[in-house]
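Novice: Have a look at this one before I ask anything.
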Amino acid sequence: MAVLAIRIMGDPVLHSPAGEVTAVTDEIRTLVADMYETMDLAPGVGLAAPQVGVALRIYVYSYVDDDDQPWRGEIINPTLWMAPLEPGSPDPDEEAEGCLSFPGERFPLRRSDRVLVTGTDLEGAPVRIEVDGWRARIMQHEFDHLDGVLYVDRLSDSDWKTAQKIARKRGWIRGGHSWMPGVDDLEGA
């Protein structure tokens, strides 16, 4: 297994829809194993293939709930359905999220509280996940990556402007920036 470089905001692969996985090959299995290692080292709760420069519809996730119960897996070619979004502004304490492709920052973002995700795993077996709360947030965040959407693209106008200022200051508006979990200092990644 290997740790992969995580692409930063300006990289074009992060802003284009990813392609379907047509067959689970040894290369796909290796990619998924490397994605788990990268996500764990970052540390993160999810990682989509476009974040490591691979434009395929795959993501991995890992979360430990309040009862110390682990929840971990991968989804290939997922489809996402979500409950309607509750109106209103997000609670900055309860609904803030961050992203490994916009490292070191967190912004409030309203997400649907319940989702259903279907797809397949590495063995080709069907996956069906119905979750709420933070697990639903993780599913939506990673699914967005597969459609070329970063969470900063969904922020309120004022937070979006702040994110853009940060990105310009750090040089992240253009492509070519990445960072290596366990190696790079995130300042100015």
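We label chains A, B, ... in the order they appear in the structure tokens, count residues from 1 in each chain, and number ligands from 1 in the order shown.
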So that I can check the surroundings of Ser89 in chain A, please list as a short mmCIF file (atom, residue, chain, number, x, y, z; two decimals) with all heavy atoms, in the first residue's frame every protein, DNA and RNA residue that reaches within 9 Å of it, counting only C-alpha atoms and ignoring chain neighbours fewer than 3 positions away.
Specialist:
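Output contents, as saved in result-v2.cif:
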```
data_model
loop_
_atom_site.label_atom_id
_atom_site.label_comp_id
_atom_site.auth_asym_id
_atom_site.auth_seq_id
_atom_site.Cartn_x
_atom_site.Cartn_y
_atom_site.Cartn_z
N PRO A 92 -23.03 26.98 13.05
CA PRO A 92 -21.58 26.90 12.88
C PRO A 92 -20.90 25.91 13.83
O PRO A 92 -19.83 25.40 13.51
CB PRO A 92 -21.08 28.32 13.13
CG PRO A 92 -22.25 29.12 13.56
CD PRO A 92 -23.48 28.31 13.41
N PRO A 108 -19.30 26.44 8.08
CA PRO A 108 -20.64 25.88 8.29
C PRO A 108 -21.33 25.63 6.95
O PRO A 108 -21.24 26.45 6.03
CB PRO A 108 -21.36 26.96 9.09
CG PRO A 108 -20.57 28.21 8.93
CD PRO A 108 -19.19 27.82 8.52
N LEU A 109 -21.99 24.49 6.86
CA LEU A 109 -22.70 24.12 5.63
C LEU A 109 -23.89 23.25 5.99
O LEU A 109 -23.74 22.24 6.68
CB LEU A 109 -21.77 23.36 4.68
CG LEU A 109 -22.38 22.86 3.38
CD1 LEU A 109 -22.85 24.04 2.53
CD2 LEU A 109 -21.39 22.01 2.61
N ARG A 110 -25.05 23.64 5.55
CA ARG A 110 -26.27 22.86 5.78
C ARG A 110 -26.28 21.68 4.81
O ARG A 110 -26.04 21.84 3.62
CB ARG A 110 -27.49 23.77 5.55
CG ARG A 110 -28.85 23.17 5.63
CD ARG A 110 -29.31 22.66 6.98
NE ARG A 110 -29.03 23.41 8.15
CZ ARG A 110 -29.92 24.16 8.82
NH1 ARG A 110 -31.14 24.31 8.37
NH2 ARG A 110 -29.58 24.76 9.93
N SER A 156 -22.32 29.70 1.92
CA SER A 156 -23.01 30.99 1.81
C SER A 156 -22.08 31.97 1.11
O SER A 156 -20.87 31.78 1.07
CB SER A 156 -23.39 31.51 3.20
OG SER A 156 -22.20 31.89 3.89
#
```
Novice: Can you list, as a VMD selection string, all residues belonging to range 113-185 of chain A that DSSP tags as strand (DSSP E)?
Specialist: chain A and resid 114 to 120 126 to 132 178 to 179
Novice: Using DSSP assignments from the backbone, pull out every residue in chain A that falls under alpha helix (DSSP H) and give it to me as number ranges by chain.
Specialist: A: 26-41, 133-146, 157-170
Novice: If we count only C-alpha atoms, what is near range 39-45 of chain A at a cut-off of 6 Å, once residues fewer than 6 positions away on the same chain are taken out, given as number ranges by chain?
Specialist: A: 61-63, 181
Novice: For Gly133 in chain A, find every residue with an atom within 12 Å (counting only C-alpha atoms), except residues of its own chain fewer than 3 positions away, and show them as a PyMOL selection string.
Specialist: chain A and resi 63+65-66+82-83+94-95+110-115+130+136-140
